[in-house]
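Here is the structure we will look at.
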Amino acid sequence: MLCIDNRCTDIYWNLAAEEYLLKQKKDNYFMLWQSDPCVVIGKHQNVQAEVDEHYLQEKGISLARRFSGGGAVYHDMGNINLSFIETVNQPDFEYYLQQTIDFLDQMGVTAYSDKRMGIYVDGRKISGSAQCIHKNRVMYHCTLLFSTDLEVLNASLRGNSDSENLLPGSQTVRAVPSVRSEVTNISEHLITPVTVKRIIRLLLHYFLENDENQSYRFTHKDVEAIERLKNEKYANEEWIYNKSVLTFT
């Protein structure tokens, strides 16, 4: 597996990087990344039903739509994102989930998962995940709330409860609603305090301990392709607001 320490904090670029690695590459990848404050909704969600757009605009928080399904999540620099992208014969998303739980166990944090593949500590959620399949390629990605501003998270994800939860342009196709959970930060459950940067270094070391894994840096060709996908799709309001979903694959 090739391990990428992605230092870009542009949510649109990072989502494009995930899709590029999934669809255009053949190797197996593990990518660690963070984003500036933003809300990322699932592919089949209704913006108005999931987020407080006025609050996002007021606070300068970006809005993005990812390629995978699942619910809405809030990102800031206190959140860590893990992306696993591999070629497999039979998807086993719980394998990636367990790797994350095992890492937390090494950090002294006893975590467990639920049927939706969220990760919890003492009844409160610290991680949400989503998955997708493209031909024989799979992607599992999850968030890890480490020191996120939970007040901003909760305010950002207050959707319009009066909004009819249908996909834009459809009178029959219902959007996928998020399942709300009480959340907490991993930092609150550590015996010995560490910084988010330290946790990221430990995560990289955890996966690079496997002799078959090695570091990877995006090439100039990679960067050009990702930038193009970002501009054509992920930073495009047509995609974000689901105005023409069928034109994108």
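Here's how to read the names in the structure tokens: chain A, B, ... by the order shown, residue numbers from 1 in each chain, ligand numbers from 1 in the order shown.
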At a cut-off of 10 Å, using only C-alpha atoms, what residues contact Tyr96 of chain A? Leave out same-chain residues fewer than 5 positions from it and give the result as a ChimeraX atom specification.
/A:82-84,101-102,139-142
Can you tell me which residues surround segment 110-125 of chain A at a distance of at most 7 Å, considering only C-alpha atoms, apart from same-chain residues fewer than 4 positions away, and format the answer as a count of residues only?
8
Could you pull out the strand (DSSP E) residues of segment 27-190 of chain A from DSSP and send them as a PyMOL selection string?
chain A and resi 29-33+38-41+62-65+73-75+79-87+112-113+119-121+124-127+129-134+137-145
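Using only C-alpha atoms, the protein and nucleic acid residues lying no more than 8 Å from segment 217-221 of chain A, apart from those fewer than 3 places from it along its own chain, are Ile4, Asp5, Glu224 and Ala225 of chain A.
The residue that comes closest to Leu32 of chain A, out of A:Val73, A:Leu202, A:Asn231, A:Glu238 and on the basis of only C-alpha atoms, is A:Leu202.
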Rows by chain and residue number, segment 84-108 of chain A within 12 Å of segment 7-21 of chain A, shortest pair, only C-alpha atoms, as CSV:
```
residue,atom,partner,partner_atom,distance
A:Phe84,CA,A:Glu18,CA,9.1
A:Ile85,CA,A:Leu21,CA,7.1
A:Glu86,CA,A:Leu21,CA,9.0
A:Thr87,CA,A:Leu21,CA,10.8
```
With C-alpha atoms retained, export the selected residues as a PDB file, in the first residue's frame.
```
ATOM      1  CA  PHE A  84      -8.368   3.675   1.951  1.00  0.00           C
ATOM      2  CA  ILE A  85      -8.492   2.959  -1.803  1.00  0.00           C
ATOM      3  CA  GLU A  86      -7.700  -0.513  -3.093  1.00  0.00           C
ATOM      4  CA  THR A  87      -8.247  -3.077  -5.823  1.00  0.00           C
TER       5      THR A  87
END
```
Looking at A:His205, A:Leu145, A:Tyr241, A:Arg228, which one is nearest to Leu63 of chain A, with distances taken over only C-alpha atoms?
A:Tyr241
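Proximity to Ser127 of chain A was assessed for A:Asn154, A:Asn79, A:Asn236, A:Gln90 counting only C-alpha atoms; the smallest distance is recorded for A:Asn79.
Considering the residues A:Ala72, A:Tyr234, A:Arg66, A:Asn28 and counting only C-alpha atoms, Gln48 of chain A has its shortest atom-to-atom contact with A:Ala72.
We find atom CA of Arg158 of chain A and atom CA of Asn46 of chain A to be spaced 12.6 Å apart.
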Ranking A:Gly42, A:Gly78, A:Gly108, A:Gly60 by minimum distance to Cys132 of chain A and counting only C-alpha atoms, which one comes first?
A:Gly42
Among the residues of segment 6-247 of chain A, find those DSSP assigns to helix (DSSP H, G or I) from the backbone and print them as JSON, numbers by chain.
{"A": [11, 12, 13, 14, 15, 16, 17, 18, 19, 20, 21, 22, 23, 24, 47, 48, 49, 50, 53, 54, 55, 56, 57, 58, 59, 93, 94, 95, 96, 97, 98, 99, 100, 101, 102, 103, 104, 105, 106, 150, 151, 152, 153, 154, 155, 156, 186, 187, 188, 189, 196, 197, 198, 199, 200, 201, 202, 203, 204, 205, 206, 207, 208, 220, 221, 222, 223, 224, 225, 226, 227, 228, 229, 230, 231, 232, 233, 234, 237, 238, 239, 240, 245, 246, 247]}
Convert the current residue selection to file output with C-alpha atoms, as a PDB file, in the first residue's frame.
```pdb
ATOM      1  CA  ILE A  11     -11.715  20.305   0.457  1.00  0.00           C
ATOM      2  CA  TYR A  12     -12.498  20.388  -3.278  1.00  0.00           C
ATOM      3  CA  TRP A  13      -8.959  19.314  -4.188  1.00  0.00           C
ATOM      4  CA  ASN A  14      -8.966  16.569  -1.575  1.00  0.00           C
ATOM      5  CA  LEU A  15     -12.274  15.099  -2.756  1.00  0.00           C
ATOM      6  CA  ALA A  16     -10.986  15.199  -6.330  1.00  0.00           C
ATOM      7  CA  ALA A  17      -7.813  13.417  -5.197  1.00  0.00           C
ATOM      8  CA  GLU A  18      -9.883  10.603  -3.714  1.00  0.00           C
ATOM      9  CA  GLU A  19     -11.856  10.081  -6.928  1.00  0.00           C
ATOM     10  CA  TYR A  20      -8.702  10.287  -9.034  1.00  0.00           C
ATOM     11  CA  LEU A  21      -6.961   7.602  -6.963  1.00  0.00           C
ATOM     12  CA  LEU A  22     -10.076   5.436  -7.092  1.00  0.00           C
ATOM     13  CA  LYS A  23     -10.788   5.670 -10.822  1.00  0.00           C
ATOM     14  CA  GLN A  24      -7.537   6.530 -12.537  1.00  0.00           C
ATOM     15  CA  VAL A  47     -28.268  20.638   0.884  1.00  0.00           C
ATOM     16  CA  GLN A  48     -31.163  22.517   2.479  1.00  0.00           C
ATOM     17  CA  ALA A  49     -32.190  19.530   4.589  1.00  0.00           C
ATOM     18  CA  GLU A  50     -28.684  18.987   5.953  1.00  0.00           C
ATOM     19  CA  GLU A  53     -26.417  27.665   4.645  1.00  0.00           C
ATOM     20  CA  HIS A  54     -26.788  31.103   6.240  1.00  0.00           C
ATOM     21  CA  TYR A  55     -24.505  30.054   9.114  1.00  0.00           C
ATOM     22  CA  LEU A  56     -21.944  28.616   6.699  1.00  0.00           C
ATOM     23  CA  GLN A  57     -21.858  31.838   4.685  1.00  0.00           C
ATOM     24  CA  GLU A  58     -21.631  33.957   7.838  1.00  0.00           C
ATOM     25  CA  LYS A  59     -18.680  31.932   9.170  1.00  0.00           C
ATOM     26  CA  PHE A  93     -15.095  -2.412   4.588  1.00  0.00           C
ATOM     27  CA  GLU A  94     -15.055  -3.636   8.176  1.00  0.00           C
ATOM     28  CA  TYR A  95     -11.361  -4.440   7.722  1.00  0.00           C
ATOM     29  CA  TYR A  96     -10.542  -0.739   7.295  1.00  0.00           C
ATOM     30  CA  LEU A  97     -12.850   0.135  10.177  1.00  0.00           C
ATOM     31  CA  GLN A  98     -11.057  -2.302  12.456  1.00  0.00           C
ATOM     32  CA  GLN A  99      -7.647  -0.918  11.512  1.00  0.00           C
ATOM     33  CA  THR A 100      -8.790   2.501  12.707  1.00  0.00           C
ATOM     34  CA  ILE A 101     -10.171   1.067  15.964  1.00  0.00           C
ATOM     35  CA  ASP A 102      -6.921  -0.857  16.532  1.00  0.00           C
ATOM     36  CA  PHE A 103      -4.912   2.356  16.139  1.00  0.00           C
ATOM     37  CA  LEU A 104      -7.097   4.104  18.701  1.00  0.00           C
ATOM     38  CA  ASP A 105      -6.600   1.173  21.057  1.00  0.00           C
ATOM     39  CA  GLN A 106      -2.839   1.672  20.787  1.00  0.00           C
ATOM     40  CA  LEU A 150     -18.054  20.896  18.270  1.00  0.00           C
ATOM     41  CA  GLU A 151     -20.138  24.033  18.721  1.00  0.00           C
ATOM     42  CA  VAL A 152     -19.500  25.018  15.114  1.00  0.00           C
ATOM     43  CA  LEU A 153     -20.063  21.413  13.999  1.00  0.00           C
ATOM     44  CA  ASN A 154     -23.505  21.307  15.592  1.00  0.00           C
ATOM     45  CA  ALA A 155     -24.495  24.727  14.285  1.00  0.00           C
ATOM     46  CA  SER A 156     -23.336  23.920  10.732  1.00  0.00           C
ATOM     47  CA  ILE A 186     -10.651  11.940  20.839  1.00  0.00           C
ATOM     48  CA  SER A 187      -8.431  14.446  22.664  1.00  0.00           C
ATOM     49  CA  GLU A 188     -10.847  14.367  25.609  1.00  0.00           C
ATOM     50  CA  HIS A 189     -10.219  10.652  26.104  1.00  0.00           C
ATOM     51  CA  VAL A 196      -3.349  16.751  16.190  1.00  0.00           C
ATOM     52  CA  LYS A 197      -0.083  16.961  14.247  1.00  0.00           C
ATOM     53  CA  ARG A 198       1.391  14.311  16.519  1.00  0.00           C
ATOM     54  CA  ILE A 199      -1.602  12.026  15.967  1.00  0.00           C
ATOM     55  CA  ILE A 200      -1.186  12.379  12.200  1.00  0.00           C
ATOM     56  CA  ARG A 201       2.490  11.403  12.446  1.00  0.00           C
ATOM     57  CA  LEU A 202       1.556   8.413  14.604  1.00  0.00           C
ATOM     58  CA  LEU A 203      -1.089   7.331  12.088  1.00  0.00           C
ATOM     59  CA  LEU A 204       1.425   7.463   9.255  1.00  0.00           C
ATOM     60  CA  HIS A 205       3.938   5.496  11.298  1.00  0.00           C
ATOM     61  CA  TYR A 206       1.243   2.961  12.203  1.00  0.00           C
ATOM     62  CA  PHE A 207       0.593   2.122   8.558  1.00  0.00           C
ATOM     63  CA  LEU A 208       4.207   2.417   7.416  1.00  0.00           C
ATOM     64  CA  HIS A 220       3.153  16.488 -11.498  1.00  0.00           C
ATOM     65  CA  LYS A 221       0.807  14.436 -13.697  1.00  0.00           C
ATOM     66  CA  ASP A 222      -1.291  13.485 -10.640  1.00  0.00           C
ATOM     67  CA  VAL A 223      -1.582  17.103  -9.511  1.00  0.00           C
ATOM     68  CA  GLU A 224      -2.655  18.318 -12.959  1.00  0.00           C
ATOM     69  CA  ALA A 225      -5.355  15.645 -13.231  1.00  0.00           C
ATOM     70  CA  ILE A 226      -6.649  16.304  -9.702  1.00  0.00           C
ATOM     71  CA  GLU A 227      -6.731  20.062 -10.250  1.00  0.00           C
ATOM     72  CA  ARG A 228      -8.708  19.570 -13.456  1.00  0.00           C
ATOM     73  CA  LEU A 229     -11.236  17.280 -11.722  1.00  0.00           C
ATOM     74  CA  LYS A 230     -11.555  19.756  -8.858  1.00  0.00           C
ATOM     75  CA  ASN A 231     -12.374  22.647 -11.202  1.00  0.00           C
ATOM     76  CA  GLU A 232     -14.698  20.679 -13.477  1.00  0.00           C
ATOM     77  CA  LYS A 233     -16.603  18.908 -10.741  1.00  0.00           C
ATOM     78  CA  TYR A 234     -16.028  19.366  -7.027  1.00  0.00           C
ATOM     79  CA  GLU A 237     -21.989  24.539  -7.941  1.00  0.00           C
ATOM     80  CA  GLU A 238     -23.751  22.242 -10.414  1.00  0.00           C
ATOM     81  CA  TRP A 239     -22.233  19.308  -8.525  1.00  0.00           C
ATOM     82  CA  ILE A 240     -22.463  20.789  -5.029  1.00  0.00           C
ATOM     83  CA  VAL A 245     -26.136  14.828 -11.045  1.00  0.00           C
ATOM     84  CA  LEU A 246     -26.661  12.606 -14.071  1.00  0.00           C
ATOM     85  CA  THR A 247     -24.015  14.487 -16.055  1.00  0.00           C
TER      86      THR A 247
END
```
Which residues come within 9 Å of Val88 of chain A, counting only C-alpha atoms, excluding same-chain residues fewer than 6 positions away, as an mmCIF file with N, CA, C and O atoms, in the first residue's frame?
```cif
data_model
loop_
_atom_site.group_PDB
_atom_site.id
_atom_site.type_symbol
_atom_site.label_atom_id
_atom_site.label_comp_id
_atom_site.auth_asym_id
_atom_site.auth_seq_id
_atom_site.Cartn_x
_atom_site.Cartn_y
_atom_site.Cartn_z
ATOM 1 N N ASN A 136 -13.591 -2.822 -9.968
ATOM 2 C CA ASN A 136 -12.949 -3.676 -8.953
ATOM 3 C C ASN A 136 -12.167 -2.854 -7.930
ATOM 4 O O ASN A 136 -11.324 -3.383 -7.201
ATOM 5 N N ARG A 137 -12.483 -1.569 -7.857
ATOM 6 C CA ARG A 137 -11.811 -0.674 -6.906
ATOM 7 C C ARG A 137 -12.796 -0.273 -5.816
ATOM 8 O O ARG A 137 -13.995 -0.067 -6.081
ATOM 9 N N VAL A 138 -12.311 -0.163 -4.586
ATOM 10 C CA VAL A 138 -13.158 0.247 -3.475
ATOM 11 C C VAL A 138 -12.523 1.415 -2.735
ATOM 12 O O VAL A 138 -11.291 1.562 -2.712
#
```
